[in-house]
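Quick notes on the structure that follows.
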Amino acid sequence: MIMLKKPRHRKMPKKVITGFLNSTPLLSSPKALRARADRDGYLFFKGLLPKEPLMEVRRQILEIVERNGWIRKGTKLIDGIGDLDAIAASDRLDPSLKYIGVGKQAYIDIQKLELFHSLAHHPRLIALYRALFQGAVLPHPRNIARVLLPAPSFNPTPPHQDYIYIQGAHSFWTCWFPLGDCPMSLGGLSILRGSHREEVLKVKTAKGAGGFESMLCDMDHTWVQGDYECGDIITFPSHVVHKALPNRKPGRIRLSCDFRYQPARDQVHISSLRPHMGGVQWRELYRGWKNKRLKYYWKSKARQVMAWDSSLLKGSEPIC
Ligand SMILES: O=C(O)CCC(=O)C(=O)O
Ligand SMILES: [Fe+2]
């Protein structure tokens, strides 16, 4: 009789804790802040950003969503409640909904919002990264807005490291925050604590933003998840594994920003200096902006590199 070899089920991180450790009390002590980042691989700040501009960006984005017919009639715009039938119909026509949450043209309209991009330059964020990098900060101009309509084809972002998508320097950090309150049930970001010490991990193809999932074999780290209120941010270095929780609120749209920052002294890949998702040039996005300092600020700061390791984005056979 032939004995079939049993597949080895190797351990995947299973431990989960709820509640992010608030690092706000350490803001005045850069050394302690860096020590905590070094220990945990993430920093969460309660109420770092003022709510007003975040809620205004939320409103401006939802206006675009409404113009596309995706808001349920008779609901308050600011609540962000989707028209499920209209969304499902668009979903069949425009594959962008699966990847970026909204249709391509709607996303370009969102990318044109000056206030959205201005958030990345908030003095509190710049001061935070200056303290972490101990030097000048380059905010990447390729800012990402996620407007996750409850489309049938939509899947939550799988566990991944941002380095594979951004490259350039390993020293960049991601900053994620919701536009509005984001309880766990709406699908906020969850972090694999301690994964900042991992190398760049192998990936396999997966559903959800990015299209690849990190293979987390034999890892003993703990997932940290929690509720976010408008104004809270979470930030982490480029090797940290993170994922989105599923959105369990029927019809609710999850809105969030993700921005990237790196020491200005390090190199940056050219793709980080282009508008997110392409299809448009900065010249067009910048049209009508009032604050000149938000436009092309990166040109004089960024040390560009071209090298891109495409092997990091090749799905391998699952090995665990
Ligand atoms: O918001 C999400 O679902 C994913 C965000 C993310 O992966 C990031 O901020 O790097
Ligand atoms: Fe990410």
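By order of appearance in the structure tokens: chains A, B, ..., then residues from 1 within every chain, and ligands from 1 in the order shown.
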Can you tell me, as a ChimeraX atom specification, which residues in region 89-239 of chain A count as helix (DSSP H, G or I) by DSSP? /A:89-93,96-100,104-111,114-119,123-133,163-166,184-186,195-197
Using 9 Å as the limit and counting only C-alpha atoms and all ligand atoms, can you tabulate each residue of chain A that touches ligand 1, with its shortest atom-to-atom distance in Å and the two atoms involved, as JSON lines?
{"residue": "A:Ile144", "atom": "CA", "partner": "ligand 1", "partner_atom_place_in_ligand_line": "9 (O)", "distance": 8.1}
{"residue": "A:Ala145", "atom": "CA", "partner": "ligand 1", "partner_atom_place_in_ligand_line": "1 (O)", "distance": 8.4}
{"residue": "A:Arg146", "atom": "CA", "partner": "ligand 1", "partner_atom_place_in_ligand_line": "1 (O)", "distance": 6.1}
{"residue": "A:Val147", "atom": "CA", "partner": "ligand 1", "partner_atom_place_in_ligand_line": "1 (O)", "distance": 8.8}
{"residue": "A:Leu148", "atom": "CA", "partner": "ligand 1", "partner_atom_place_in_ligand_line": "3 (O)", "distance": 8.1}
{"residue": "A:Pro156", "atom": "CA", "partner": "ligand 1", "partner_atom_place_in_ligand_line": "3 (O)", "distance": 6.1}
{"residue": "A:Thr157", "atom": "CA", "partner": "ligand 1", "partner_atom_place_in_ligand_line": "3 (O)", "distance": 4.7}
{"residue": "A:Pro158", "atom": "CA", "partner": "ligand 1", "partner_atom_place_in_ligand_line": "7 (O)", "distance": 8.1}
{"residue": "A:Pro159", "atom": "CA", "partner": "ligand 1", "partner_atom_place_in_ligand_line": "7 (O)", "distance": 8.1}
{"residue": "A:His160", "atom": "CA", "partner": "ligand 1", "partner_atom_place_in_ligand_line": "7 (O)", "distance": 7.2}
{"residue": "A:Gln161", "atom": "CA", "partner": "ligand 1", "partner_atom_place_in_ligand_line": "10 (O)", "distance": 7.7}
{"residue": "A:Asp162", "atom": "CA", "partner": "ligand 1", "partner_atom_place_in_ligand_line": "10 (O)", "distance": 5.8}
{"residue": "A:Thr174", "atom": "CA", "partner": "ligand 1", "partner_atom_place_in_ligand_line": "10 (O)", "distance": 6.0}
{"residue": "A:Cys175", "atom": "CA", "partner": "ligand 1", "partner_atom_place_in_ligand_line": "9 (O)", "distance": 6.5}
{"residue": "A:Trp176", "atom": "CA", "partner": "ligand 1", "partner_atom_place_in_ligand_line": "9 (O)", "distance": 5.0}
{"residue": "A:Phe177", "atom": "CA", "partner": "ligand 1", "partner_atom_place_in_ligand_line": "9 (O)", "distance": 8.2}
{"residue": "A:Pro178", "atom": "CA", "partner": "ligand 1", "partner_atom_place_in_ligand_line": "1 (O)", "distance": 8.4}
{"residue": "A:Gly187", "atom": "CA", "partner": "ligand 1", "partner_atom_place_in_ligand_line": "3 (O)", "distance": 7.7}
{"residue": "A:Gly188", "atom": "CA", "partner": "ligand 1", "partner_atom_place_in_ligand_line": "1 (O)", "distance": 7.0}
{"residue": "A:Leu189", "atom": "CA", "partner": "ligand 1", "partner_atom_place_in_ligand_line": "1 (O)", "distance": 6.2}
{"residue": "A:Gly208", "atom": "CA", "partner": "ligand 1", "partner_atom_place_in_ligand_line": "3 (O)", "distance": 8.3}
{"residue": "A:Ala209", "atom": "CA", "partner": "ligand 1", "partner_atom_place_in_ligand_line": "4 (C)", "distance": 6.9}
{"residue": "A:Gly210", "atom": "CA", "partner": "ligand 1", "partner_atom_place_in_ligand_line": "7 (O)", "distance": 8.1}
{"residue": "A:Thr235", "atom": "CA", "partner": "ligand 1", "partner_atom_place_in_ligand_line": "9 (O)", "distance": 8.7}
{"residue": "A:Ser238", "atom": "CA", "partner": "ligand 1", "partner_atom_place_in_ligand_line": "10 (O)", "distance": 8.8}
{"residue": "A:Val241", "atom": "CA", "partner": "ligand 1", "partner_atom_place_in_ligand_line": "7 (O)", "distance": 8.9}
{"residue": "A:His242", "atom": "CA", "partner": "ligand 1", "partner_atom_place_in_ligand_line": "7 (O)", "distance": 6.5}
{"residue": "A:Lys243", "atom": "CA", "partner": "ligand 1", "partner_atom_place_in_ligand_line": "7 (O)", "distance": 6.2}
{"residue": "A:Ala244", "atom": "CA", "partner": "ligand 1", "partner_atom_place_in_ligand_line": "3 (O)", "distance": 4.7}
{"residue": "A:Leu245", "atom": "CA", "partner": "ligand 1", "partner_atom_place_in_ligand_line": "3 (O)", "distance": 7.9}
{"residue": "A:Arg254", "atom": "CA", "partner": "ligand 1", "partner_atom_place_in_ligand_line": "1 (O)", "distance": 8.6}
{"residue": "A:Leu255", "atom": "CA", "partner": "ligand 1", "partner_atom_place_in_ligand_line": "1 (O)", "distance": 8.2}
{"residue": "A:Ser256", "atom": "CA", "partner": "ligand 1", "partner_atom_place_in_ligand_line": "1 (O)", "distance": 6.3}
{"residue": "A:Cys257", "atom": "CA", "partner": "ligand 1", "partner_atom_place_in_ligand_line": "9 (O)", "distance": 7.2}
{"residue": "A:Asp258", "atom": "CA", "partner": "ligand 1", "partner_atom_place_in_ligand_line": "9 (O)", "distance": 4.5}
{"residue": "A:Phe259", "atom": "CA", "partner": "ligand 1", "partner_atom_place_in_ligand_line": "9 (O)", "distance": 7.1}
{"residue": "A:Arg260", "atom": "CA", "partner": "ligand 1", "partner_atom_place_in_ligand_line": "10 (O)", "distance": 8.5}
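Nearest residue to Gln111 (chain A) among A:Cys217, A:Leu93, A:Val280, A:Ala151 is A:Val280, counting only C-alpha atoms.
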Near Pro50 (chain A), within 10 Å and counting only C-alpha atoms, which residues show up once chain neighbours fewer than 3 positions away are dropped, as a ChimeraX atom specification? /A:47,53-55,122,124,230-232
Selection above as a file: C-alpha atoms, as an mmCIF file, in the first residue's frame:
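Done, and the output landed in selection.cif:
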data_model
loop_
_atom_site.group_PDB
_atom_site.id
_atom_site.type_symbol
_atom_site.label_atom_id
_atom_site.label_comp_id
_atom_site.auth_asym_id
_atom_site.auth_seq_id
_atom_site.Cartn_x
_atom_site.Cartn_y
_atom_site.Cartn_z
ATOM 1 C CA GLY A 47 -6.591 61.751 18.685
ATOM 2 C CA PRO A 53 -10.411 68.419 8.371
ATOM 3 C CA LEU A 54 -10.794 64.616 8.426
ATOM 4 C CA MET A 55 -14.580 64.901 8.484
ATOM 5 C CA HIS A 122 -0.125 67.973 8.929
ATOM 6 C CA ARG A 124 1.776 66.728 13.875
ATOM 7 C CA CYS A 230 -11.744 59.848 13.989
ATOM 8 C CA GLY A 231 -8.336 61.468 14.656
ATOM 9 C CA ASP A 232 -6.555 58.268 15.781
#
Polymer residues at most 10 Å from Asp79 (chain A), only C-alpha atoms, same-chain spacing of 6 or more positions, as a VMD selection string: chain A and resid 58 to 59 62 71 180 252 to 253
Output the selection as a PDB file, in the first residue's frame - C-alpha atoms for each residue.
ATOM      1  CA  ARG A  58     -14.870  62.421   4.337  1.00  0.00           C
ATOM      2  CA  ARG A  59     -17.691  64.710   3.211  1.00  0.00           C
ATOM      3  CA  LEU A  62     -18.761  61.014  -0.109  1.00  0.00           C
ATOM      4  CA  ILE A  71     -25.191  56.467  -1.763  1.00  0.00           C
ATOM      5  CA  GLY A 180     -14.615  59.085  10.544  1.00  0.00           C
ATOM      6  CA  ARG A 252     -21.498  50.973   5.353  1.00  0.00           C
ATOM      7  CA  ILE A 253     -18.626  52.450   3.354  1.00  0.00           C
TER       8      ILE A 253
END
Contacts of region 103-109 of chain A at 9 Å or less, counting only C-alpha atoms, minus same-chain residues fewer than 6 places along, as a PyMOL selection string? chain A and resi 61+64-65+67-68+90-91+94-97+145+147+276-280+285
Based on the selection just made, write C-alpha atoms of those residues as a short mmCIF file (atom, residue, chain, number, x, y, z; two decimals), in the first residue's frame.
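The new file selection_33.cif reads:
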data_model
loop_
_atom_site.label_atom_id
_atom_site.label_comp_id
_atom_site.auth_asym_id
_atom_site.auth_seq_id
_atom_site.Cartn_x
_atom_site.Cartn_y
_atom_site.Cartn_z
CA ILE A 61 -15.19 62.08 -0.89
CA ILE A 64 -18.08 62.13 -5.23
CA VAL A 65 -19.50 58.75 -4.22
CA ARG A 67 -22.46 61.82 -7.72
CA ASN A 68 -21.78 58.30 -8.94
CA SER A 90 -21.15 49.20 -11.15
CA ASP A 91 -19.07 46.37 -9.76
CA ASP A 94 -15.72 48.45 -13.55
CA PRO A 95 -13.13 46.03 -12.12
CA SER A 96 -11.56 48.93 -10.16
CA LEU A 97 -14.17 48.46 -7.44
CA ALA A 145 -7.56 57.01 -0.22
CA VAL A 147 -13.31 54.20 -0.15
CA HIS A 276 -1.76 56.48 -7.06
CA MET A 277 -3.37 54.14 -9.63
CA GLY A 278 -2.17 56.26 -12.56
CA GLY A 279 -4.44 57.35 -15.39
CA VAL A 280 -3.73 60.99 -14.59
CA LEU A 285 -4.59 66.69 -10.21
#
Set the distance at 9 Å and use only C-alpha atoms: which residues neighbour Gly41 (chain A) once local chain neighbours fewer than 6 positions away are removed? I'd like the list as number ranges by chain. A: 191-197, 235-237, 239-240
List as a short mmCIF file (atom, residue, chain, number, x, y, z; two decimals) with N, CA and C atoms, in the first residue's frame the protein and nucleic acid residues near Lys299 (chain A), meaning an atom at most 12 Å away when only C-alpha atoms are counted, but skip any in the same chain fewer than 3 places from it.
data_model
loop_
_atom_site.label_atom_id
_atom_site.label_comp_id
_atom_site.auth_asym_id
_atom_site.auth_seq_id
_atom_site.Cartn_x
_atom_site.Cartn_y
_atom_site.Cartn_z
N LEU A 138 10.57 62.99 4.15
CA LEU A 138 9.96 63.09 2.82
C LEU A 138 8.59 62.41 2.88
N PRO A 139 7.50 63.20 2.85
CA PRO A 139 6.18 62.55 2.71
C PRO A 139 6.02 62.16 1.24
N HIS A 140 5.73 60.89 0.97
CA HIS A 140 5.53 60.50 -0.43
C HIS A 140 4.29 61.23 -0.95
N PRO A 141 4.33 61.72 -2.19
CA PRO A 141 3.11 62.36 -2.72
C PRO A 141 2.04 61.36 -3.14
N ALA A 264 14.33 61.81 4.36
CA ALA A 264 14.63 62.46 3.08
C ALA A 264 16.02 62.03 2.58
N VAL A 268 14.18 56.90 -2.90
CA VAL A 268 12.76 56.63 -3.06
C VAL A 268 12.52 56.13 -4.48
N ILE A 270 10.75 55.80 -7.96
CA ILE A 270 10.02 56.79 -8.78
C ILE A 270 8.50 56.59 -8.72
N SER A 272 6.68 55.95 -6.29
CA SER A 272 6.09 56.60 -5.11
C SER A 272 5.90 58.09 -5.34
N LEU A 273 6.44 58.58 -6.46
CA LEU A 273 6.34 60.02 -6.76
C LEU A 273 5.29 60.26 -7.84
N ARG A 274 4.54 59.23 -8.16
CA ARG A 274 3.47 59.36 -9.18
C ARG A 274 2.11 59.23 -8.51
N TRP A 282 0.15 64.66 -12.43
CA TRP A 282 0.06 65.64 -11.34
C TRP A 282 -0.51 66.97 -11.85
N ARG A 293 2.59 75.27 -2.03
CA ARG A 293 3.63 74.46 -1.38
C ARG A 293 3.31 72.97 -1.35
N LEU A 294 2.05 72.65 -1.65
CA LEU A 294 1.67 71.22 -1.68
C LEU A 294 2.00 70.58 -3.02
N LYS A 295 2.30 71.43 -4.02
CA LYS A 295 2.54 70.90 -5.37
C LYS A 295 4.03 70.69 -5.60
N TYR A 296 4.41 69.59 -6.13
CA TYR A 296 5.78 69.29 -6.56
C TYR A 296 6.83 69.52 -5.47
N ALA A 302 13.45 64.61 -3.22
CA ALA A 302 13.51 63.16 -3.38
C ALA A 302 14.77 62.70 -4.11
N ARG A 303 15.40 61.68 -3.53
CA ARG A 303 16.55 61.04 -4.19
C ARG A 303 16.03 59.78 -4.88
N GLN A 304 15.78 59.91 -6.19
CA GLN A 304 15.07 58.84 -6.89
C GLN A 304 15.95 57.65 -7.25
#
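The closest residue to ligand 2, picked from A:Phe20, A:Phe45, A:Trp70, A:Phe212 and counting only C-alpha atoms and all ligand atoms, is A:Phe212.
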By how many Å are CA of Leu201 (chain A) and CA of Ile17 (chain A) apart?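 Going from CA of Leu201 (chain A) over to CA of Ile17 (chain A) covers 23.0 Å.
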Among the residues A:Glu284, A:Asp218, A:Asp227, A:Glu213, the one that comes closest to ligand 2 [using only C-alpha atoms and all ligand atoms]: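 Closest to ligand 2, using only C-alpha atoms and all ligand atoms: A:Glu213.
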Could you tell me which of A:Ala206, A:Ile81, A:Ile233, A:Ile166 comes closest to ligand 2 if we count only C-alpha atoms and all ligand atoms?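 Nearest candidate to ligand 2 out of A:Ala206, A:Ile81, A:Ile233, A:Ile166: A:Ile166.
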